[in-house]
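Here is final_22.txt, consisting of compact mmCIF, N, CA and C atoms:
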# COMPACT_ATOMS: atom_id res chain seq x y z
N ILE H 1 -5.09 7.00 8.19
CA ILE H 1 -5.69 6.69 6.90
C ILE H 1 -4.99 7.51 5.81
N ALA H 2 -4.73 8.79 6.09
CA ALA H 2 -4.07 9.64 5.10
C ALA H 2 -2.68 9.11 4.76
N THR H 3 -1.95 8.63 5.76
CA THR H 3 -0.62 8.08 5.51
C THR H 3 -0.70 6.84 4.63
N ALA H 4 -1.71 6.01 4.83
CA ALA H 4 -1.88 4.81 4.00
C ALA H 4 -2.17 5.19 2.55
N ILE H 5 -3.04 6.17 2.34
CA ILE H 5 -3.38 6.60 0.98
C ILE H 5 -2.16 7.21 0.29
N LEU H 6 -1.47 8.11 0.97
CA LEU H 6 -0.29 8.75 0.39
C LEU H 6 0.80 7.71 0.10
N SER H 7 1.03 6.82 1.04
CA SER H 7 2.06 5.79 0.85
C SER H 7 1.74 4.89 -0.33
N LEU H 8 0.46 4.54 -0.50
CA LEU H 8 0.06 3.70 -1.63
C LEU H 8 0.33 4.42 -2.95
N HIS H 9 -0.03 5.69 -3.03
CA HIS H 9 0.22 6.46 -4.26
C HIS H 9 1.72 6.53 -4.56
N LEU H 10 2.51 6.84 -3.56
CA LEU H 10 3.95 6.95 -3.77
C LEU H 10 4.57 5.61 -4.16
N ALA H 11 4.19 4.55 -3.45
CA ALA H 11 4.79 3.24 -3.68
C ALA H 11 4.34 2.63 -5.01
N SER H 12 3.06 2.73 -5.34
CA SER H 12 2.59 2.14 -6.60
C SER H 12 3.14 2.91 -7.79
N GLY H 13 3.47 4.18 -7.58
CA GLY H 13 4.05 4.99 -8.64
C GLY H 13 5.56 4.88 -8.72
N GLY H 14 6.16 4.09 -7.83
CA GLY H 14 7.60 3.94 -7.82
C GLY H 14 8.32 5.14 -7.25
N LEU H 15 7.62 5.95 -6.47
CA LEU H 15 8.19 7.18 -5.94
C LEU H 15 8.56 7.09 -4.46
N PHE H 16 8.41 5.93 -3.87
CA PHE H 16 8.68 5.74 -2.44
C PHE H 16 10.12 5.29 -2.27
N GLU H 17 10.85 5.94 -1.40
CA GLU H 17 12.23 5.56 -1.13
C GLU H 17 12.23 4.33 -0.25
N ASP H 18 12.53 3.18 -0.85
CA ASP H 18 12.47 1.93 -0.09
C ASP H 18 13.84 1.31 0.15
N SER H 19 14.91 2.06 -0.09
CA SER H 19 16.25 1.50 0.07
C SER H 19 16.58 1.22 1.54
N ASN H 20 15.90 1.88 2.47
CA ASN H 20 16.14 1.65 3.89
C ASN H 20 15.17 0.63 4.48
N GLY H 21 14.39 -0.01 3.63
CA GLY H 21 13.41 -0.97 4.11
C GLY H 21 14.02 -2.32 4.43
N VAL H 22 13.26 -3.09 5.19
CA VAL H 22 13.66 -4.45 5.56
C VAL H 22 12.70 -5.42 4.88
N GLU H 23 13.27 -6.32 4.06
CA GLU H 23 12.43 -7.30 3.38
C GLU H 23 11.95 -8.34 4.38
N LEU H 24 10.66 -8.66 4.30
CA LEU H 24 10.06 -9.67 5.16
C LEU H 24 9.76 -10.91 4.33
N GLU H 25 9.38 -11.98 5.00
CA GLU H 25 9.06 -13.22 4.30
C GLU H 25 7.82 -13.02 3.42
N PRO H 26 7.79 -13.65 2.23
CA PRO H 26 6.60 -13.55 1.37
C PRO H 26 5.35 -14.01 2.13
N VAL H 27 4.24 -13.34 1.86
CA VAL H 27 2.98 -13.68 2.52
C VAL H 27 1.87 -13.82 1.49
N ARG H 28 0.87 -14.58 1.86
CA ARG H 28 -0.32 -14.72 1.02
C ARG H 28 -1.47 -14.04 1.74
N LEU H 29 -2.03 -13.00 1.11
CA LEU H 29 -3.15 -12.26 1.67
C LEU H 29 -4.27 -12.21 0.65
N ASP H 30 -5.45 -12.53 1.08
CA ASP H 30 -6.62 -12.52 0.20
C ASP H 30 -6.37 -13.30 -1.08
N GLY H 31 -5.63 -14.41 -0.97
CA GLY H 31 -5.41 -15.30 -2.10
C GLY H 31 -4.29 -14.89 -3.04
N LYS H 32 -3.55 -13.82 -2.73
CA LYS H 32 -2.46 -13.37 -3.59
C LYS H 32 -1.15 -13.35 -2.82
N TRP H 33 -0.04 -13.62 -3.52
CA TRP H 33 1.28 -13.61 -2.90
C TRP H 33 1.93 -12.23 -3.03
N TYR H 34 2.55 -11.79 -1.93
CA TYR H 34 3.22 -10.50 -1.88
C TYR H 34 4.61 -10.65 -1.27
N ASN H 35 5.51 -9.77 -1.69
CA ASN H 35 6.81 -9.61 -1.05
C ASN H 35 6.73 -8.33 -0.23
N PRO H 36 6.59 -8.45 1.10
CA PRO H 36 6.47 -7.25 1.94
C PRO H 36 7.82 -6.61 2.24
N LEU H 37 7.79 -5.30 2.38
CA LEU H 37 8.95 -4.51 2.72
C LEU H 37 8.54 -3.56 3.83
N GLU H 38 9.18 -3.67 4.99
CA GLU H 38 8.83 -2.83 6.13
C GLU H 38 9.69 -1.56 6.12
N ILE H 39 9.02 -0.43 6.28
CA ILE H 39 9.70 0.85 6.31
C ILE H 39 9.26 1.57 7.58
N ARG H 40 10.23 2.10 8.30
CA ARG H 40 9.93 2.88 9.50
C ARG H 40 10.09 4.34 9.17
N GLY H 41 9.23 5.15 9.76
CA GLY H 41 9.34 6.60 9.58
C GLY H 41 10.57 7.14 10.28
N GLN H 42 10.76 8.41 10.20
CA GLN H 42 11.91 9.06 10.82
C GLN H 42 11.69 9.18 12.33
N GLY H 43 12.73 8.99 13.11
CA GLY H 43 12.64 9.18 14.55
C GLY H 43 12.21 7.92 15.29
N VAL H 44 12.28 7.99 16.59
CA VAL H 44 11.95 6.86 17.45
C VAL H 44 10.45 6.59 17.44
N GLU H 45 9.67 7.64 17.55
CA GLU H 45 8.22 7.49 17.59
C GLU H 45 7.65 7.73 16.20
N SER H 46 7.54 6.66 15.44
CA SER H 46 7.05 6.81 14.07
C SER H 46 6.14 5.65 13.70
N ASP H 47 5.38 5.87 12.65
CA ASP H 47 4.50 4.83 12.15
C ASP H 47 5.33 3.74 11.48
N ARG H 48 4.76 2.55 11.45
CA ARG H 48 5.37 1.42 10.75
C ARG H 48 4.59 1.23 9.46
N ILE H 49 5.29 1.22 8.34
CA ILE H 49 4.66 1.10 7.03
C ILE H 49 5.17 -0.17 6.37
N ILE H 50 4.24 -1.00 5.88
CA ILE H 50 4.63 -2.21 5.17
C ILE H 50 4.07 -2.11 3.75
N LEU H 51 4.97 -2.16 2.78
CA LEU H 51 4.59 -2.16 1.37
C LEU H 51 4.46 -3.60 0.92
N PHE H 52 3.41 -3.91 0.20
CA PHE H 52 3.19 -5.26 -0.31
C PHE H 52 3.29 -5.23 -1.83
N ARG H 53 4.43 -5.74 -2.33
CA ARG H 53 4.67 -5.79 -3.78
C ARG H 53 4.18 -7.13 -4.29
N SER H 54 3.30 -7.08 -5.27
CA SER H 54 2.75 -8.30 -5.87
C SER H 54 3.87 -9.11 -6.51
N THR H 55 3.88 -10.41 -6.26
CA THR H 55 4.87 -11.26 -6.91
C THR H 55 4.54 -11.45 -8.38
N HIS H 56 3.31 -11.15 -8.76
CA HIS H 56 2.86 -11.35 -10.15
C HIS H 56 3.20 -10.16 -11.04
N ILE H 57 2.83 -8.94 -10.62
CA ILE H 57 3.04 -7.77 -11.48
C ILE H 57 4.20 -6.89 -11.02
N LYS H 58 4.83 -7.24 -9.90
CA LYS H 58 6.01 -6.53 -9.40
C LYS H 58 5.75 -5.07 -9.07
N ARG H 59 4.52 -4.74 -8.72
CA ARG H 59 4.17 -3.37 -8.29
C ARG H 59 3.53 -3.45 -6.91
N VAL H 60 3.67 -2.37 -6.16
CA VAL H 60 3.04 -2.30 -4.85
C VAL H 60 1.54 -2.12 -5.05
N GLU H 61 0.76 -3.05 -4.50
CA GLU H 61 -0.70 -3.02 -4.63
C GLU H 61 -1.39 -2.70 -3.31
N ARG H 62 -0.65 -2.84 -2.23
CA ARG H 62 -1.28 -2.60 -0.93
C ARG H 62 -0.24 -2.11 0.05
N VAL H 63 -0.71 -1.31 1.00
CA VAL H 63 0.16 -0.72 2.02
C VAL H 63 -0.58 -0.81 3.35
N THR H 64 0.12 -1.27 4.38
CA THR H 64 -0.44 -1.27 5.73
C THR H 64 0.35 -0.29 6.58
N VAL H 65 -0.37 0.55 7.31
CA VAL H 65 0.25 1.53 8.19
C VAL H 65 -0.24 1.26 9.61
N MET H 66 0.72 1.08 10.52
CA MET H 66 0.40 0.88 11.94
C MET H 66 0.93 2.06 12.72
N ASP H 67 0.13 2.54 13.66
CA ASP H 67 0.60 3.68 14.45
C ASP H 67 1.73 3.24 15.38
N MET H 68 2.44 4.21 15.91
CA MET H 68 3.63 3.93 16.71
C MET H 68 3.32 3.16 17.98
N PHE H 69 2.08 3.15 18.43
CA PHE H 69 1.71 2.44 19.65
C PHE H 69 1.16 1.05 19.36
N GLY H 70 1.01 0.70 18.08
CA GLY H 70 0.51 -0.62 17.69
C GLY H 70 -0.96 -0.83 17.95
N LYS H 71 -1.71 0.26 18.14
CA LYS H 71 -3.13 0.13 18.45
C LYS H 71 -4.01 0.20 17.20
N ASN H 72 -3.63 1.02 16.23
CA ASN H 72 -4.44 1.20 15.04
C ASN H 72 -3.64 0.82 13.81
N ALA H 73 -4.30 0.15 12.88
CA ALA H 73 -3.66 -0.21 11.62
C ALA H 73 -4.69 -0.10 10.52
N PHE H 74 -4.25 0.42 9.38
CA PHE H 74 -5.11 0.55 8.22
C PHE H 74 -4.37 0.04 7.00
N THR H 75 -5.11 -0.60 6.11
CA THR H 75 -4.54 -1.09 4.86
C THR H 75 -5.21 -0.38 3.70
N ALA H 76 -4.38 0.14 2.80
CA ALA H 76 -4.87 0.74 1.55
C ALA H 76 -4.59 -0.27 0.44
N GLN H 77 -5.64 -0.72 -0.22
CA GLN H 77 -5.53 -1.70 -1.31
C GLN H 77 -5.85 -1.00 -2.62
N GLY H 78 -4.89 -0.97 -3.53
CA GLY H 78 -5.09 -0.33 -4.82
C GLY H 78 -5.62 -1.31 -5.85
N HIS H 79 -6.48 -0.81 -6.72
CA HIS H 79 -7.05 -1.60 -7.81
C HIS H 79 -6.95 -0.81 -9.10
N ASN H 80 -7.04 -1.51 -10.22
CA ASN H 80 -7.09 -0.87 -11.54
C ASN H 80 -5.94 0.10 -11.75
N LEU H 81 -4.71 -0.39 -11.59
CA LEU H 81 -3.55 0.47 -11.79
C LEU H 81 -3.56 1.06 -13.19
N ARG H 82 -3.37 2.35 -13.26
CA ARG H 82 -3.28 3.05 -14.54
C ARG H 82 -1.84 3.50 -14.73
N ILE H 83 -1.26 3.09 -15.82
CA ILE H 83 0.14 3.39 -16.08
C ILE H 83 0.23 4.60 -17.01
N PHE H 84 0.98 5.59 -16.57
CA PHE H 84 1.23 6.79 -17.36
C PHE H 84 2.65 6.68 -17.90
N LYS H 85 2.77 6.24 -19.15
CA LYS H 85 4.08 5.94 -19.73
C LYS H 85 4.97 7.17 -19.83
N ASP H 86 4.40 8.33 -20.14
CA ASP H 86 5.21 9.55 -20.28
C ASP H 86 5.90 9.92 -18.97
N ALA H 87 5.23 9.68 -17.86
CA ALA H 87 5.79 10.02 -16.55
C ALA H 87 6.45 8.81 -15.88
N ASP H 88 6.28 7.62 -16.48
CA ASP H 88 6.83 6.37 -15.95
C ASP H 88 6.35 6.09 -14.53
N ILE H 89 5.05 6.31 -14.28
CA ILE H 89 4.45 6.00 -12.98
C ILE H 89 3.12 5.30 -13.20
N SER H 90 2.64 4.69 -12.15
CA SER H 90 1.30 4.11 -12.17
C SER H 90 0.54 4.63 -10.96
N ILE H 91 -0.77 4.75 -11.13
CA ILE H 91 -1.64 5.28 -10.08
C ILE H 91 -2.86 4.37 -9.98
N PRO H 92 -3.24 3.98 -8.77
CA PRO H 92 -4.45 3.15 -8.64
C PRO H 92 -5.69 3.94 -9.02
N GLY H 93 -6.58 3.31 -9.77
CA GLY H 93 -7.83 3.94 -10.15
C GLY H 93 -8.87 3.87 -9.05
N LYS H 94 -8.68 2.92 -8.14
CA LYS H 94 -9.60 2.75 -7.01
C LYS H 94 -8.77 2.33 -5.80
N ILE H 95 -9.15 2.85 -4.62
CA ILE H 95 -8.48 2.49 -3.38
C ILE H 95 -9.53 2.11 -2.35
N ASP H 96 -9.33 0.96 -1.73
CA ASP H 96 -10.16 0.53 -0.60
C ASP H 96 -9.31 0.65 0.66
N ILE H 97 -9.88 1.25 1.70
CA ILE H 97 -9.20 1.39 2.98
C ILE H 97 -9.91 0.51 3.99
N PHE H 98 -9.12 -0.36 4.64
CA PHE H 98 -9.66 -1.29 5.63
C PHE H 98 -8.98 -1.05 6.97
N SER H 99 -9.74 -1.23 8.06
CA SER H 99 -9.07 -1.38 9.34
C SER H 99 -8.46 -2.77 9.30
N THR H 100 -7.32 -2.93 9.95
CA THR H 100 -6.55 -4.16 9.80
C THR H 100 -6.29 -4.78 11.16
N GLY H 101 -6.39 -6.10 11.21
CA GLY H 101 -6.11 -6.83 12.44
C GLY H 101 -4.61 -7.01 12.64
N ARG H 102 -4.24 -7.57 13.76
CA ARG H 102 -2.83 -7.77 14.09
C ARG H 102 -2.14 -8.73 13.12
N ASP H 103 -2.90 -9.60 12.45
CA ASP H 103 -2.30 -10.56 11.51
C ASP H 103 -2.10 -9.97 10.12
N GLY H 104 -2.50 -8.72 9.92
CA GLY H 104 -2.32 -8.08 8.63
C GLY H 104 -3.48 -8.25 7.68
N GLU H 105 -4.44 -9.08 8.02
CA GLU H 105 -5.60 -9.28 7.15
C GLU H 105 -6.57 -8.11 7.29
N ALA H 106 -7.05 -7.64 6.15
CA ALA H 106 -8.03 -6.55 6.15
C ALA H 106 -9.32 -7.06 6.79
N GLU H 107 -9.91 -6.23 7.65
CA GLU H 107 -11.09 -6.66 8.38
C GLU H 107 -12.35 -5.90 7.96
N THR H 108 -12.37 -4.60 8.19
CA THR H 108 -13.58 -3.81 7.96
C THR H 108 -13.31 -2.70 6.95
N LEU H 109 -14.12 -2.64 5.91
CA LEU H 109 -13.99 -1.57 4.93
C LEU H 109 -14.39 -0.25 5.58
N VAL H 110 -13.49 0.73 5.53
CA VAL H 110 -13.71 2.02 6.16
C VAL H 110 -14.03 3.10 5.13
N LEU H 111 -13.37 3.02 3.98
CA LEU H 111 -13.46 4.09 2.99
C LEU H 111 -13.14 3.54 1.61
N GLN H 112 -13.83 4.03 0.59
CA GLN H 112 -13.51 3.71 -0.80
C GLN H 112 -13.31 5.00 -1.57
N ILE H 113 -12.26 5.01 -2.39
CA ILE H 113 -12.00 6.14 -3.27
C ILE H 113 -11.99 5.58 -4.69
N ASP H 114 -12.81 6.13 -5.56
CA ASP H 114 -12.90 5.66 -6.94
C ASP H 114 -12.68 6.86 -7.85
N TYR H 115 -11.51 6.90 -8.47
CA TYR H 115 -11.19 8.01 -9.36
C TYR H 115 -11.85 7.76 -10.71
N LYS H 116 -12.75 8.63 -11.10
CA LYS H 116 -13.44 8.47 -12.37
C LYS H 116 -12.56 8.86 -13.55
N LYS H 117 -11.67 9.83 -13.30
CA LYS H 117 -10.80 10.29 -14.36
C LYS H 117 -9.44 10.65 -13.76
N LEU H 118 -8.38 10.18 -14.40
CA LEU H 118 -7.03 10.49 -13.97
C LEU H 118 -6.25 11.07 -15.14
N ASP H 119 -5.77 12.29 -14.99
CA ASP H 119 -4.96 12.94 -16.01
C ASP H 119 -3.71 13.50 -15.36
N LEU H 120 -2.65 13.59 -16.13
CA LEU H 120 -1.41 14.19 -15.64
C LEU H 120 -1.11 15.49 -16.35
N ASP H 121 -2.13 16.20 -16.77
CA ASP H 121 -1.94 17.48 -17.48
C ASP H 121 -1.53 18.58 -16.54

Output the structure of this file as structure tokens.
Amino acid sequence: IATAILSLHLASGGLFEDSNGVELEPVRLDGKWYNPLEIRGQGVESDRIILFRSTHIKRVERVTVMDMFGKNAFTAQGHNLRIFKDADISIPGKIDIFSTGRDGEAETLVLQIDYKKLDLD
């Protein structure tokens, strides 16, 4: 879950190194189209991370993290992106964490994070 939250923050803020990623076929999830990018962690035994960049706003809105054994998967879905122009990043104002099925669809809500105030001071 922590990897999904961190990855969503980094990716939605444009801070995730995705040059080593593999582009996957566009997918429609929860009624929205995404361009997924698969990123593998360092080493043989690593988590699989898929960034889902919205075809509409061109920002990463969701991240799915699967453990190295393929048994557990969680999706972090960002909402209410807040753009900080001075720092040239965006941060989700709310994050929903779901357990995820093998097809990538979010199944069960596990955790919600709702930031009431976001400052970069």

Around (-3.6, 3.6, -18.1) in the file's frame, which residues reach within 6 Å when counting all atoms listed in the file? Return as a count of residues only? 4

**OP:** Give me, please, the distance in Å between CA of Gly31 (chain H) and atom N of Pro92 (chain H), quoted to one decimal.
**Re:**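 Distance reported for this atom pair: 20.5 Å.
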
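Restricting the calculation to all atoms listed in the file, the smallest distance between Thr3 (chain H) and any of H:Ile95, H:Ala76, H:Leu109, H:Ile89 is found for H:Ala76.
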
(Q) as a list in words, please: every residue in chain H that DSSP puts in helix (DSSP H, G or I). (A) Ala2, Thr3, Ala4, Ile5, Leu6, Ser7, Leu8, His9, Leu10, Ala11 and Ser12 of chain H

query: H:Thr108, H:Ser54, H:Ser99, H:Ser90: which is nearest Leu29 (chain H), counting only C-alpha atoms?
result: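 Under the stated criterion, the closest residue is H:Ser54.
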
Students should find that CA of Ile91 (chain H) and CA of Trp33 (chain H) are spaced 20.4 Å

query = Mind pulling up the distance from CA of Arg59 (chain H) to CA of Asp47 (chain H)?
reply =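 So the answer is 22.0 Å.
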
Checklist entry - Excluding same-chain residues fewer than 5 positions from Glu23 (chain H), what lies within 6 Å of it counting all atoms listed in the file, as a ChimeraX atom specification? => result /H:36-38

Just N, CA and C atoms for this one: save the residues we selected as an mmCIF file, keeping the file's coordinate frame.
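Here's the written file selection-v4.cif:
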data_model
loop_
_atom_site.group_PDB
_atom_site.id
_atom_site.type_symbol
_atom_site.label_atom_id
_atom_site.label_comp_id
_atom_site.auth_asym_id
_atom_site.auth_seq_id
_atom_site.Cartn_x
_atom_site.Cartn_y
_atom_site.Cartn_z
ATOM 1 N N PRO H 36 6.590 -8.450 1.100
ATOM 2 C CA PRO H 36 6.470 -7.250 1.940
ATOM 3 C C PRO H 36 7.820 -6.610 2.240
ATOM 4 N N LEU H 37 7.790 -5.300 2.380
ATOM 5 C CA LEU H 37 8.950 -4.510 2.720
ATOM 6 C C LEU H 37 8.540 -3.560 3.830
ATOM 7 N N GLU H 38 9.180 -3.670 4.990
ATOM 8 C CA GLU H 38 8.830 -2.830 6.130
ATOM 9 C C GLU H 38 9.690 -1.560 6.120
#

Close residues, Ile97 (chain H) itself excluded, 7 Å, all atoms listed in the file, min 5 positions apart in chain, as a list in words: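 What passes the distance filter is Phe74, Thr75, Ala76, Gln77, Thr108, Leu109, Val110, Leu111, Gln112 and Ile113 of chain H.
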
Take the residues just selected and output them with N, CA and C atoms as a PDB file, keeping the file's coordinate frame.
ATOM      1  N   PHE H  74      -4.250   0.420   9.380  1.00  0.00           N
ATOM      2  CA  PHE H  74      -5.110   0.550   8.220  1.00  0.00           C
ATOM      3  C   PHE H  74      -4.370   0.040   7.000  1.00  0.00           C
ATOM      4  N   THR H  75      -5.110  -0.600   6.110  1.00  0.00           N
ATOM      5  CA  THR H  75      -4.540  -1.090   4.860  1.00  0.00           C
ATOM      6  C   THR H  75      -5.210  -0.380   3.700  1.00  0.00           C
ATOM      7  N   ALA H  76      -4.380   0.140   2.800  1.00  0.00           N
ATOM      8  CA  ALA H  76      -4.870   0.740   1.550  1.00  0.00           C
ATOM      9  C   ALA H  76      -4.590  -0.270   0.440  1.00  0.00           C
ATOM     10  N   GLN H  77      -5.640  -0.720  -0.220  1.00  0.00           N
ATOM     11  CA  GLN H  77      -5.530  -1.700  -1.310  1.00  0.00           C
ATOM     12  C   GLN H  77      -5.850  -1.000  -2.620  1.00  0.00           C
ATOM     13  N   THR H 108     -12.370  -4.600   8.190  1.00  0.00           N
ATOM     14  CA  THR H 108     -13.580  -3.810   7.960  1.00  0.00           C
ATOM     15  C   THR H 108     -13.310  -2.700   6.950  1.00  0.00           C
ATOM     16  N   LEU H 109     -14.120  -2.640   5.910  1.00  0.00           N
ATOM     17  CA  LEU H 109     -13.990  -1.570   4.930  1.00  0.00           C
ATOM     18  C   LEU H 109     -14.390  -0.250   5.580  1.00  0.00           C
ATOM     19  N   VAL H 110     -13.490   0.730   5.530  1.00  0.00           N
ATOM     20  CA  VAL H 110     -13.710   2.020   6.160  1.00  0.00           C
ATOM     21  C   VAL H 110     -14.030   3.100   5.130  1.00  0.00           C
ATOM     22  N   LEU H 111     -13.370   3.020   3.980  1.00  0.00           N
ATOM     23  CA  LEU H 111     -13.460   4.090   2.990  1.00  0.00           C
ATOM     24  C   LEU H 111     -13.140   3.540   1.610  1.00  0.00           C
ATOM     25  N   GLN H 112     -13.830   4.030   0.590  1.00  0.00           N
ATOM     26  CA  GLN H 112     -13.510   3.710  -0.800  1.00  0.00           C
ATOM     27  C   GLN H 112     -13.310   5.000  -1.570  1.00  0.00           C
ATOM     28  N   ILE H 113     -12.260   5.010  -2.390  1.00  0.00           N
ATOM     29  CA  ILE H 113     -12.000   6.140  -3.270  1.00  0.00           C
ATOM     30  C   ILE H 113     -11.990   5.580  -4.690  1.00  0.00           C
TER      31      ILE H 113
END

All residues 12 Å or closer to Lys71 (chain H), only C-alpha atoms, same chain fewer than 5 positions away omitted, as an NGL selection string = :H and (47-48 or 65-66 or 99-102)

Suppose we keep N, CA and C atoms; can you now write the selection as a compact mmCIF listing (two decimals), keeping the file's coordinate frame?
# COMPACT_ATOMS: atom_id res chain seq x y z
N ASP H 47 5.38 5.87 12.65
CA ASP H 47 4.50 4.83 12.15
C ASP H 47 5.33 3.74 11.48
N ARG H 48 4.76 2.55 11.45
CA ARG H 48 5.37 1.42 10.75
C ARG H 48 4.59 1.23 9.46
N VAL H 65 -0.37 0.55 7.31
CA VAL H 65 0.25 1.53 8.19
C VAL H 65 -0.24 1.26 9.61
N MET H 66 0.72 1.08 10.52
CA MET H 66 0.40 0.88 11.94
C MET H 66 0.93 2.06 12.72
N SER H 99 -9.74 -1.23 8.06
CA SER H 99 -9.07 -1.38 9.34
C SER H 99 -8.46 -2.77 9.30
N THR H 100 -7.32 -2.93 9.95
CA THR H 100 -6.55 -4.16 9.80
C THR H 100 -6.29 -4.78 11.16
N GLY H 101 -6.39 -6.10 11.21
CA GLY H 101 -6.11 -6.83 12.44
C GLY H 101 -4.61 -7.01 12.64
N ARG H 102 -4.24 -7.57 13.76
CA ARG H 102 -2.83 -7.77 14.09
C ARG H 102 -2.14 -8.73 13.12

Can you tell me which residues surround Gly93 (chain H) at a distance of at most 8 Å, considering only N, CA and C atoms, apart from same-chain residues fewer than 5 positions away, and format the answer as a PDB file with N, CA and C atoms, keeping the file's coordinate frame?
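Printed below is result38.pdb as written:
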ATOM      1  N   GLY H  78      -4.890  -0.970  -3.530  1.00  0.00           N
ATOM      2  CA  GLY H  78      -5.090  -0.330  -4.820  1.00  0.00           C
ATOM      3  C   GLY H  78      -5.620  -1.310  -5.850  1.00  0.00           C
ATOM      4  N   HIS H  79      -6.480  -0.810  -6.720  1.00  0.00           N
ATOM      5  CA  HIS H  79      -7.050  -1.600  -7.810  1.00  0.00           C
ATOM      6  C   HIS H  79      -6.950  -0.810  -9.100  1.00  0.00           C
ATOM      7  N   ASN H  80      -7.040  -1.510 -10.220  1.00  0.00           N
ATOM      8  CA  ASN H  80      -7.090  -0.870 -11.540  1.00  0.00           C
ATOM      9  C   ASN H  80      -5.940   0.100 -11.750  1.00  0.00           C
ATOM     10  N   LEU H  81      -4.710  -0.390 -11.590  1.00  0.00           N
ATOM     11  CA  LEU H  81      -3.550   0.470 -11.790  1.00  0.00           C
ATOM     12  C   LEU H  81      -3.560   1.060 -13.190  1.00  0.00           C
ATOM     13  N   ARG H  82      -3.370   2.350 -13.260  1.00  0.00           N
ATOM     14  CA  ARG H  82      -3.280   3.050 -14.540  1.00  0.00           C
ATOM     15  C   ARG H  82      -1.840   3.500 -14.730  1.00  0.00           C
ATOM     16  N   ILE H 113     -12.260   5.010  -2.390  1.00  0.00           N
ATOM     17  CA  ILE H 113     -12.000   6.140  -3.270  1.00  0.00           C
ATOM     18  C   ILE H 113     -11.990   5.580  -4.690  1.00  0.00           C
ATOM     19  N   ASP H 114     -12.810   6.130  -5.560  1.00  0.00           N
ATOM     20  CA  ASP H 114     -12.900   5.660  -6.940  1.00  0.00           C
ATOM     21  C   ASP H 114     -12.680   6.860  -7.850  1.00  0.00           C
ATOM     22  N   TYR H 115     -11.510   6.900  -8.470  1.00  0.00           N
ATOM     23  CA  TYR H 115     -11.190   8.010  -9.360  1.00  0.00           C
ATOM     24  C   TYR H 115     -11.850   7.760 -10.710  1.00  0.00           C
ATOM     25  N   LYS H 116     -12.750   8.630 -11.100  1.00  0.00           N
ATOM     26  CA  LYS H 116     -13.440   8.470 -12.370  1.00  0.00           C
ATOM     27  C   LYS H 116     -12.560   8.860 -13.550  1.00  0.00           C
ATOM     28  N   LYS H 117     -11.670   9.830 -13.300  1.00  0.00           N
ATOM     29  CA  LYS H 117     -10.800  10.290 -14.360  1.00  0.00           C
ATOM     30  C   LYS H 117      -9.440  10.650 -13.760  1.00  0.00           C
ATOM     31  N   LEU H 118      -8.380  10.180 -14.400  1.00  0.00           N
ATOM     32  CA  LEU H 118      -7.030  10.490 -13.970  1.00  0.00           C
ATOM     33  C   LEU H 118      -6.250  11.070 -15.140  1.00  0.00           C
TER      34      LEU H 118
END

Self-check item: DSSP-assigned strand (DSSP E) members of chain H, reported as a VMD selection string
Solution: chain H and resid 22 to 23 27 to 29 32 to 40 48 to 54 60 to 66 73 to 84 89 to 100 106 to 114

Shell around Leu51 (chain H) at 7 Å using all atoms listed in the file, local window under 4 positions removed, as a PDB file with N, CA and C atoms, keeping the file's coordinate frame:
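After the write, result39.pdb holds the following:
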ATOM      1  N   ASN H  35       5.510  -9.770  -1.690  1.00  0.00           N
ATOM      2  CA  ASN H  35       6.810  -9.610  -1.050  1.00  0.00           C
ATOM      3  C   ASN H  35       6.730  -8.330  -0.230  1.00  0.00           C
ATOM      4  N   PRO H  36       6.590  -8.450   1.100  1.00  0.00           N
ATOM      5  CA  PRO H  36       6.470  -7.250   1.940  1.00  0.00           C
ATOM      6  C   PRO H  36       7.820  -6.610   2.240  1.00  0.00           C
ATOM      7  N   LEU H  37       7.790  -5.300   2.380  1.00  0.00           N
ATOM      8  CA  LEU H  37       8.950  -4.510   2.720  1.00  0.00           C
ATOM      9  C   LEU H  37       8.540  -3.560   3.830  1.00  0.00           C
ATOM     10  N   GLU H  38       9.180  -3.670   4.990  1.00  0.00           N
ATOM     11  CA  GLU H  38       8.830  -2.830   6.130  1.00  0.00           C
ATOM     12  C   GLU H  38       9.690  -1.560   6.120  1.00  0.00           C
ATOM     13  N   ILE H  39       9.020  -0.430   6.280  1.00  0.00           N
ATOM     14  CA  ILE H  39       9.700   0.850   6.310  1.00  0.00           C
ATOM     15  C   ILE H  39       9.260   1.570   7.580  1.00  0.00           C
ATOM     16  N   VAL H  60       3.670  -2.370  -6.160  1.00  0.00           N
ATOM     17  CA  VAL H  60       3.040  -2.300  -4.850  1.00  0.00           C
ATOM     18  C   VAL H  60       1.540  -2.120  -5.050  1.00  0.00           C
ATOM     19  N   GLU H  61       0.760  -3.050  -4.500  1.00  0.00           N
ATOM     20  CA  GLU H  61      -0.700  -3.020  -4.630  1.00  0.00           C
ATOM     21  C   GLU H  61      -1.390  -2.700  -3.310  1.00  0.00           C
ATOM     22  N   ARG H  62      -0.650  -2.840  -2.230  1.00  0.00           N
ATOM     23  CA  ARG H  62      -1.280  -2.600  -0.930  1.00  0.00           C
ATOM     24  C   ARG H  62      -0.240  -2.110   0.050  1.00  0.00           C
ATOM     25  N   VAL H  63      -0.710  -1.310   1.000  1.00  0.00           N
ATOM     26  CA  VAL H  63       0.160  -0.720   2.020  1.00  0.00           C
ATOM     27  C   VAL H  63      -0.580  -0.810   3.350  1.00  0.00           C
ATOM     28  N   THR H  64       0.120  -1.270   4.380  1.00  0.00           N
ATOM     29  CA  THR H  64      -0.440  -1.270   5.730  1.00  0.00           C
ATOM     30  C   THR H  64       0.350  -0.290   6.580  1.00  0.00           C
TER      31      THR H  64
END
